[in-house]
Amino acid sequence: MASNGIPPVDFSKFFNVIDGKLESTEKTLRPLNPSTLEENPPVPLSTQQDVDRAVAAAKKAQEAWREVPWAERADILRKIGDAVAANLDELAKLVTKENGKPLMFAKIEMAAGADNFHKIANFTIPENVVDADPEHTVITRYTPIGVAVGIVPWNFPVALGTGKIAPALLTGNAIIIKPSPFTPYSALKIVEIAQPFLPPGVLQVLSGDDSLGPILTEHEGIDKISFTGSTATGKAVMRSASKTLKRVTLELGGNDPAIVCPDVDPAEVGPKLATFALLNSGQICVAIKRMYIHESVYDAVLKAMVDYVNTLKVGDGFEENVFLGPIANGPQFERVKNLLEDIQSTKLKIATGGTAAHNGSGKGYFVTPTIIDNPPEDSRIVADEPFAPIFPTLKWSDEADVIRRANDSIYGLGASVWTNDTTQAKRIASKLQAGNVWINEHANLSPTSAFGGHKHSGIGTEWGIEGVKGWCNTQTIYHKARP
Ligand code: NAD
């Protein structure tokens, strides 16, 4: 044990955690660092047998864990949060190596990961007396679901993974984390770091390839899937989970509109708008993906954004002052190149950027930040989720029409309104069809607020008290007094 009571951690080797033990597998995976295209260290390639053993361990562990008092489980979460925070710098380096994001943003994500444990630990769900008279009392309470699986994407492997672990454990479930095959390192280490504070089997992690997700969603011993990822995969998860009536929470893709009103100061909002579109190289489910700017300020806002975007440094996340790291992995890079080709071939007007290029060393999945000037509403860059540092700006003149255009999407994850006019802001915000609506900001999330999508952006919510309840079964107890 180190002097602060937190055990030292070896950051050079990576293991599954099954029933409290660190395990390797016969075959391994070697995901690439997207900045250098060098192989990161080997990670386990889990099999059906690994899944079966983890599920059996989880089932046994959960029966005892659900009996541990809520306050004790909350204290354990706080200790895990402390241990994650104590290893923040090394964990952040893992995130930069696996995902490419600049180290300063990886550190922010790690801090958010520790915060998830500390803040979610403060939730309680008291029993609710819904009806009471001398003869009859009716109480609603919340009980654990059982064995859960958290399926995590590659864009925010820590913030999203810990955002599943903390509420699952608080509510008395056991959970198995399945990270993305592209970003397993931070998840494997966080689950390892948490082990000394937990009974074996309560929190486990399995790394693997594309075949692992379906093995988990099909498994009869699993009671709940919390999935974050693309809408297409979310639908496959729901189909698969339906066979055993697993509970599902789906946090899926988005195509967030921002509506910029005529009274804004272009020099002030331009850089902010571009930042919320380009953070994490645009690979955020709630990045601004369609920017509707009032025609009276369109040229000025676009110019302010272009000037700002041209100052942003693209490069390896370990270099100083880099704002945009690479696209996080090869398949996503191919999708982004294909989108750029579509932009070129359909002759859309590029205000800045427009190239996918390796860096000076000839390696890395780098794309220059790109703004597309007023493309048609049905172009791919407007209609699809790009998940890239590329976004369109569009003109509007009529408020009702821009609200219609903003809502004209299968997605409904986030949306924002930018204006100093509070009445207009609230009027527009109340009409937007999205799970998360911001005024004069975007993508500002907290583990204390419910987060979820409307329409094809998801089912259910995570975080906030609603999210915590999503890890529970609702139980009503009807108590008739004896005469
Ligand atoms: P993805 O759907 O390809 O993969 C997500 C996870 O699902 C990975 O762990 C993957 O290995 C696993 N998986 C793949 N096929 C599976 C299957 N058949 N069954 C079960 N699991 C399977 O998504 P991605 O490319 O990793 O992430 C990008 C997408 O995630 C974007 O669409 C983005 O908008 C979305 N996203 C949503 C949120 C949100 O909270 N709503 C947050 C982050 C990302």
# chains A, B, ... in the order shown; residues from 1 in each chain; ligands from 1
$ residues_near_ligand --ligand "ligand 1" --cutoff "8 Å" --atoms "only C-alpha atoms and all ligand atoms" --output "PyMOL selection string"
chain A and resi 151-156+160+178-181+208-217+227-234+236-237+240+250-254+283-286+332+385+387+413+451-453+457-458
$ residues_around --residues "A:Asn122" --least-positions-apart "4" --cutoff "12 Å" --atoms "only C-alpha atoms" --output "ChimeraX atom specification"
/A:70-78,115-118,166-167,170-171,447-448,463-465,468
$ residues_around --residues "A:Ala388" --least-positions-apart "4" --cutoff "12 Å" --atoms "only C-alpha atoms" --output "compact mmCIF listing (two decimals) with N, CA, C and O atoms, in the first residue's frame"
# COMPACT_ATOMS: atom_id res chain seq x y z
N ASN A 155 -15.32 7.28 -27.50
CA ASN A 155 -15.07 8.73 -27.51
C ASN A 155 -14.82 9.31 -26.13
O ASN A 155 -13.99 10.21 -25.97
N ASN A 255 -27.59 14.58 -33.58
CA ASN A 255 -27.25 15.54 -34.64
C ASN A 255 -27.70 16.92 -34.15
O ASN A 255 -28.65 17.51 -34.67
N ALA A 277 -18.50 22.65 -31.29
CA ALA A 277 -18.59 21.75 -32.45
C ALA A 277 -17.32 20.90 -32.59
O ALA A 277 -17.38 19.79 -33.13
N LEU A 278 -16.19 21.41 -32.12
CA LEU A 278 -14.91 20.77 -32.45
C LEU A 278 -14.22 20.07 -31.29
O LEU A 278 -13.25 19.33 -31.51
N LEU A 279 -14.67 20.31 -30.05
CA LEU A 279 -14.05 19.63 -28.91
C LEU A 279 -13.98 18.12 -29.18
O LEU A 279 -14.92 17.56 -29.77
N ASN A 280 -12.92 17.50 -28.72
CA ASN A 280 -12.75 16.05 -28.92
C ASN A 280 -12.79 15.69 -30.41
O ASN A 280 -13.28 14.64 -30.81
N SER A 281 -12.30 16.65 -31.25
CA SER A 281 -12.33 16.49 -32.70
C SER A 281 -13.74 16.18 -33.22
O SER A 281 -13.92 15.41 -34.17
N GLY A 282 -14.72 16.81 -32.56
CA GLY A 282 -16.12 16.64 -32.99
C GLY A 282 -16.72 15.30 -32.62
O GLY A 282 -17.87 15.03 -32.94
N GLN A 283 -15.95 14.48 -31.92
CA GLN A 283 -16.42 13.12 -31.60
C GLN A 283 -17.13 13.13 -30.24
O GLN A 283 -16.71 12.47 -29.28
N ILE A 284 -18.18 13.93 -30.15
CA ILE A 284 -18.99 14.00 -28.93
C ILE A 284 -20.43 13.80 -29.36
O ILE A 284 -20.89 14.41 -30.33
N CYS A 285 -21.14 12.94 -28.62
CA CYS A 285 -22.54 12.70 -28.99
C CYS A 285 -23.30 14.02 -28.96
O CYS A 285 -24.18 14.25 -29.79
N ALA A 287 -21.97 17.13 -29.46
CA ALA A 287 -21.31 18.25 -30.13
C ALA A 287 -22.37 19.00 -30.94
O ALA A 287 -23.37 18.41 -31.36
N ILE A 288 -22.14 20.31 -31.18
CA ILE A 288 -23.02 21.02 -32.13
C ILE A 288 -22.70 20.46 -33.52
O ILE A 288 -21.56 20.49 -33.97
N LYS A 289 -23.72 19.95 -34.20
CA LYS A 289 -23.48 19.32 -35.51
C LYS A 289 -24.18 20.05 -36.66
O LYS A 289 -23.89 19.77 -37.82
N LEU A 324 -6.92 19.89 -31.20
CA LEU A 324 -7.59 18.76 -31.85
C LEU A 324 -6.61 17.61 -32.03
O LEU A 324 -5.62 17.74 -32.77
N GLY A 325 -6.90 16.51 -31.38
CA GLY A 325 -6.14 15.28 -31.62
C GLY A 325 -6.63 14.64 -32.91
O GLY A 325 -7.41 15.22 -33.67
N PRO A 326 -6.18 13.42 -33.16
CA PRO A 326 -6.61 12.72 -34.38
C PRO A 326 -8.05 12.21 -34.25
O PRO A 326 -8.62 12.22 -33.16
N ILE A 327 -8.60 11.74 -35.36
CA ILE A 327 -9.80 10.89 -35.31
C ILE A 327 -9.37 9.64 -34.54
O ILE A 327 -8.25 9.14 -34.71
N ALA A 328 -10.25 9.11 -33.70
CA ALA A 328 -9.81 8.17 -32.67
C ALA A 328 -9.44 6.77 -33.16
O ALA A 328 -8.77 6.03 -32.44
N ASN A 329 -9.84 6.38 -34.37
CA ASN A 329 -9.48 5.03 -34.83
C ASN A 329 -9.66 4.91 -36.34
O ASN A 329 -10.30 5.78 -36.98
N GLN A 332 -13.26 4.90 -38.06
CA GLN A 332 -13.89 6.22 -38.02
C GLN A 332 -13.18 7.16 -39.00
O GLN A 332 -13.81 7.98 -39.67
N PHE A 333 -11.85 7.05 -39.09
CA PHE A 333 -11.09 7.88 -40.04
C PHE A 333 -11.55 7.62 -41.48
O PHE A 333 -11.71 8.55 -42.28
N GLU A 334 -11.80 6.35 -41.79
CA GLU A 334 -12.29 6.02 -43.14
C GLU A 334 -13.65 6.66 -43.39
O GLU A 334 -13.92 7.19 -44.47
N ARG A 335 -14.53 6.62 -42.36
CA ARG A 335 -15.87 7.23 -42.51
C ARG A 335 -15.73 8.75 -42.76
O ARG A 335 -16.43 9.32 -43.58
N VAL A 336 -14.80 9.38 -42.03
CA VAL A 336 -14.64 10.83 -42.14
C VAL A 336 -14.06 11.17 -43.53
O VAL A 336 -14.50 12.13 -44.18
N LYS A 337 -13.11 10.37 -44.00
CA LYS A 337 -12.55 10.62 -45.34
C LYS A 337 -13.64 10.50 -46.40
O LYS A 337 -13.71 11.28 -47.35
N ASN A 338 -14.50 9.50 -46.21
CA ASN A 338 -15.60 9.31 -47.15
C ASN A 338 -16.55 10.53 -47.14
O ASN A 338 -17.00 10.99 -48.19
N LEU A 339 -16.79 11.07 -45.96
CA LEU A 339 -17.64 12.26 -45.87
C LEU A 339 -16.97 13.45 -46.56
O LEU A 339 -17.63 14.22 -47.28
N LEU A 340 -15.67 13.61 -46.39
CA LEU A 340 -14.94 14.70 -47.06
C LEU A 340 -15.01 14.55 -48.58
O LEU A 340 -15.17 15.53 -49.31
N GLY A 354 -10.99 21.07 -44.72
CA GLY A 354 -11.37 20.22 -45.84
C GLY A 354 -10.38 19.13 -46.18
O GLY A 354 -10.54 18.45 -47.19
N THR A 355 -9.35 18.94 -45.35
CA THR A 355 -8.40 17.89 -45.70
C THR A 355 -8.26 16.87 -44.60
O THR A 355 -8.30 17.20 -43.41
N ALA A 356 -8.09 15.63 -45.02
CA ALA A 356 -7.72 14.56 -44.10
C ALA A 356 -6.27 14.27 -44.41
O ALA A 356 -5.92 14.00 -45.55
N TYR A 365 -4.27 9.69 -37.73
CA TYR A 365 -5.57 9.89 -38.37
C TYR A 365 -6.02 11.34 -38.24
O TYR A 365 -7.05 11.62 -37.62
N PHE A 366 -5.26 12.28 -38.81
CA PHE A 366 -5.55 13.70 -38.57
C PHE A 366 -6.46 14.29 -39.65
O PHE A 366 -6.32 13.99 -40.83
N VAL A 367 -7.37 15.17 -39.19
CA VAL A 367 -8.28 15.89 -40.09
C VAL A 367 -8.27 17.36 -39.68
O VAL A 367 -8.38 17.67 -38.48
N THR A 368 -8.13 18.26 -40.62
CA THR A 368 -8.16 19.69 -40.27
C THR A 368 -9.61 20.10 -39.97
O THR A 368 -10.54 19.63 -40.63
N PRO A 369 -9.79 20.98 -38.97
CA PRO A 369 -11.17 21.40 -38.66
C PRO A 369 -11.78 22.09 -39.87
O PRO A 369 -11.14 22.91 -40.53
N THR A 370 -13.03 21.75 -40.15
CA THR A 370 -13.65 22.13 -41.42
C THR A 370 -15.05 22.71 -41.20
O THR A 370 -15.84 22.14 -40.44
N ILE A 371 -15.31 23.84 -41.87
CA ILE A 371 -16.65 24.44 -41.80
C ILE A 371 -17.23 24.47 -43.22
O ILE A 371 -16.56 24.92 -44.16
N ILE A 381 -23.66 16.17 -44.82
CA ILE A 381 -23.06 16.86 -43.69
C ILE A 381 -24.12 17.47 -42.76
O ILE A 381 -23.86 17.67 -41.57
N ASP A 384 -26.67 13.69 -41.66
CA ASP A 384 -26.06 12.58 -40.90
C ASP A 384 -25.28 13.10 -39.70
O ASP A 384 -24.94 14.27 -39.62
N PRO A 392 -21.56 22.08 -40.52
CA PRO A 392 -22.16 23.01 -41.48
C PRO A 392 -22.75 24.24 -40.77
O PRO A 392 -23.26 24.14 -39.65
$ residues_around --residues "stretch 42-59 of chain A" --least-positions-apart "2" --cutoff "9 Å" --atoms "only C-alpha atoms" --output "NGL selection string"
:A and (13-19 or 23-31 or 39-40 or 61-63 or 146-148 or 173-176 or 184-185 or 188 or 200-209 or 211-212 or 215-216 or 219 or 221-222)
$ atom_distance --atom1 "atom CA of A:Met238" --atom2 "atom CA of A:Ile225"
9.0 Å
$ select_by_dssp --residues "stretch 172-380 of chain A" --states "helix (DSSP H, G or I)" --output "NGL selection string"
:A and (185-197 or 212-218 or 231-242 or 266-282 or 298-309 or 330-345 or 380)
$ residues_around --residues "A:Val264" --least-positions-apart "4" --cutoff "9 Å" --atoms "only C-alpha atoms" --output "list in words"
Val260, Glu268, Val269, Val297, Val301, Trp418, Thr419 and Asn420 of chain A
$ write_last_selection --atoms "N, CA, C and O atoms" --output "PDB file, in the first residue's frame"
ATOM      1  N   VAL A 260     -28.746  30.253 -33.581  1.00  0.00           N
ATOM      2  CA  VAL A 260     -28.063  31.485 -33.200  1.00  0.00           C
ATOM      3  C   VAL A 260     -28.942  32.656 -33.635  1.00  0.00           C
ATOM      4  O   VAL A 260     -29.249  32.809 -34.826  1.00  0.00           O
ATOM      5  N   GLU A 268     -18.016  37.401 -29.914  1.00  0.00           N
ATOM      6  CA  GLU A 268     -18.076  36.702 -28.621  1.00  0.00           C
ATOM      7  C   GLU A 268     -18.540  35.251 -28.811  1.00  0.00           C
ATOM      8  O   GLU A 268     -17.948  34.319 -28.257  1.00  0.00           O
ATOM      9  N   VAL A 269     -19.599  35.046 -29.612  1.00  0.00           N
ATOM     10  CA  VAL A 269     -20.152  33.680 -29.705  1.00  0.00           C
ATOM     11  C   VAL A 269     -19.419  32.811 -30.731  1.00  0.00           C
ATOM     12  O   VAL A 269     -19.418  31.592 -30.591  1.00  0.00           O
ATOM     13  N   VAL A 297     -26.719  38.049 -39.046  1.00  0.00           N
ATOM     14  CA  VAL A 297     -25.372  37.960 -38.433  1.00  0.00           C
ATOM     15  C   VAL A 297     -24.562  36.795 -39.026  1.00  0.00           C
ATOM     16  O   VAL A 297     -23.464  36.501 -38.555  1.00  0.00           O
ATOM     17  N   VAL A 301     -20.708  35.943 -37.950  1.00  0.00           N
ATOM     18  CA  VAL A 301     -20.462  34.789 -37.066  1.00  0.00           C
ATOM     19  C   VAL A 301     -19.558  33.782 -37.783  1.00  0.00           C
ATOM     20  O   VAL A 301     -18.613  33.235 -37.196  1.00  0.00           O
ATOM     21  N   TRP A 418     -28.901  30.466 -28.806  1.00  0.00           N
ATOM     22  CA  TRP A 418     -27.908  31.481 -28.453  1.00  0.00           C
ATOM     23  C   TRP A 418     -28.522  32.859 -28.647  1.00  0.00           C
ATOM     24  O   TRP A 418     -28.775  33.278 -29.778  1.00  0.00           O
ATOM     25  N   THR A 419     -28.813  33.557 -27.554  1.00  0.00           N
ATOM     26  CA  THR A 419     -29.410  34.891 -27.615  1.00  0.00           C
ATOM     27  C   THR A 419     -29.331  35.550 -26.239  1.00  0.00           C
ATOM     28  O   THR A 419     -29.288  34.864 -25.212  1.00  0.00           O
ATOM     29  N   ASN A 420     -29.370  36.890 -26.228  1.00  0.00           N
ATOM     30  CA  ASN A 420     -29.470  37.626 -24.961  1.00  0.00           C
ATOM     31  C   ASN A 420     -30.923  37.853 -24.574  1.00  0.00           C
ATOM     32  O   ASN A 420     -31.201  38.359 -23.493  1.00  0.00           O
TER      33      ASN A 420
END
$ residues_around --residues "A:Pro266" --least-positions-apart "4" --cutoff "12 Å" --atoms "only C-alpha atoms" --output "NGL selection string"
:A and (260-262 or 270-274 or 293-294 or 296-308 or 418-419)
$ write_last_selection --atoms "N, CA and C atoms" --output "short mmCIF file (atom, residue, chain, number, x, y, z; two decimals), in the first residue's frame"
data_model
loop_
_atom_site.label_atom_id
_atom_site.label_comp_id
_atom_site.auth_asym_id
_atom_site.auth_seq_id
_atom_site.Cartn_x
_atom_site.Cartn_y
_atom_site.Cartn_z
N VAL A 260 -28.75 30.25 -33.58
CA VAL A 260 -28.06 31.49 -33.20
C VAL A 260 -28.94 32.66 -33.64
N CYS A 261 -29.35 33.49 -32.67
CA CYS A 261 -30.34 34.54 -32.91
C CYS A 261 -29.67 35.85 -33.35
N PRO A 262 -30.48 36.80 -33.87
CA PRO A 262 -29.87 37.99 -34.48
C PRO A 262 -29.15 38.91 -33.50
N GLY A 270 -18.80 33.42 -31.73
CA GLY A 270 -18.16 32.62 -32.79
C GLY A 270 -17.21 31.56 -32.23
N PRO A 271 -16.21 31.97 -31.44
CA PRO A 271 -15.28 30.97 -30.89
C PRO A 271 -15.96 29.95 -29.99
N LYS A 272 -16.97 30.40 -29.24
CA LYS A 272 -17.66 29.43 -28.35
C LYS A 272 -18.40 28.37 -29.17
N LEU A 273 -19.13 28.84 -30.19
CA LEU A 273 -19.88 27.89 -31.03
C LEU A 273 -18.93 26.88 -31.68
N ALA A 274 -17.83 27.39 -32.23
CA ALA A 274 -16.88 26.49 -32.90
C ALA A 274 -16.28 25.50 -31.90
N ILE A 293 -27.70 29.91 -38.16
CA ILE A 293 -27.33 31.28 -37.78
C ILE A 293 -28.26 32.25 -38.49
N HIS A 294 -28.82 33.22 -37.73
CA HIS A 294 -29.74 34.17 -38.35
C HIS A 294 -29.03 34.92 -39.47
N SER A 296 -29.02 37.83 -40.55
CA SER A 296 -28.49 39.18 -40.32
C SER A 296 -27.09 39.15 -39.70
N VAL A 297 -26.72 38.05 -39.05
CA VAL A 297 -25.37 37.96 -38.43
C VAL A 297 -24.56 36.80 -39.03
N TYR A 298 -25.11 36.17 -40.06
CA TYR A 298 -24.49 34.94 -40.60
C TYR A 298 -23.03 35.18 -41.00
N ASP A 299 -22.81 36.19 -41.83
CA ASP A 299 -21.44 36.40 -42.36
C ASP A 299 -20.47 36.72 -41.23
N ALA A 300 -20.92 37.53 -40.27
CA ALA A 300 -20.02 37.94 -39.18
C ALA A 300 -19.70 36.77 -38.25
N VAL A 301 -20.71 35.94 -37.95
CA VAL A 301 -20.46 34.79 -37.07
C VAL A 301 -19.56 33.78 -37.78
N LEU A 302 -19.84 33.56 -39.07
CA LEU A 302 -19.01 32.60 -39.82
C LEU A 302 -17.56 33.09 -39.85
N LYS A 303 -17.35 34.36 -40.09
CA LYS A 303 -15.97 34.90 -40.15
C LYS A 303 -15.28 34.74 -38.78
N ALA A 304 -16.02 35.03 -37.71
CA ALA A 304 -15.44 34.90 -36.36
C ALA A 304 -15.04 33.44 -36.10
N MET A 305 -15.86 32.52 -36.59
CA MET A 305 -15.54 31.10 -36.38
C MET A 305 -14.33 30.69 -37.21
N VAL A 306 -14.32 31.11 -38.48
CA VAL A 306 -13.20 30.73 -39.35
C VAL A 306 -11.88 31.28 -38.77
N ASP A 307 -11.90 32.56 -38.35
CA ASP A 307 -10.68 33.15 -37.79
C ASP A 307 -10.21 32.35 -36.57
N TYR A 308 -11.16 31.97 -35.74
CA TYR A 308 -10.81 31.22 -34.53
C TYR A 308 -10.31 29.81 -34.87
N TRP A 418 -28.90 30.47 -28.81
CA TRP A 418 -27.91 31.48 -28.45
C TRP A 418 -28.52 32.86 -28.65
N THR A 419 -28.81 33.56 -27.55
CA THR A 419 -29.41 34.89 -27.61
C THR A 419 -29.33 35.55 -26.24
#
$ atom_distance --atom1 "atom CA of A:Phe11" --atom2 "atom CA of A:Thr183"
14.6 Å
$ atom_distance --atom1 "atom CA of A:Glu218" --atom2 "atom CA of A:Gly163"
23.1 Å
$ residues_around --residues "A:Leu88" --least-positions-apart "2" --cutoff "9 Å" --atoms "only C-alpha atoms" --output "ChimeraX atom specification"
/A:83-86,90-93,107,110-111,114
$ select_by_dssp --residues "stretch 72-165 of chain A" --states "strand (DSSP E or B)" --output "ChimeraX atom specification"
/A:128-133,136-144,147-151
$ closest_residue --among "A:Trp471, A:Ser430, A:Gly315, A:Ile6" --to "A:Ala357" --atoms "only C-alpha atoms"
A:Gly315
$ closest_residue --among "A:Tyr142, A:Phe182, A:Phe276, A:Trp65" --to "A:Ala443" --atoms "only C-alpha atoms"
A:Phe276
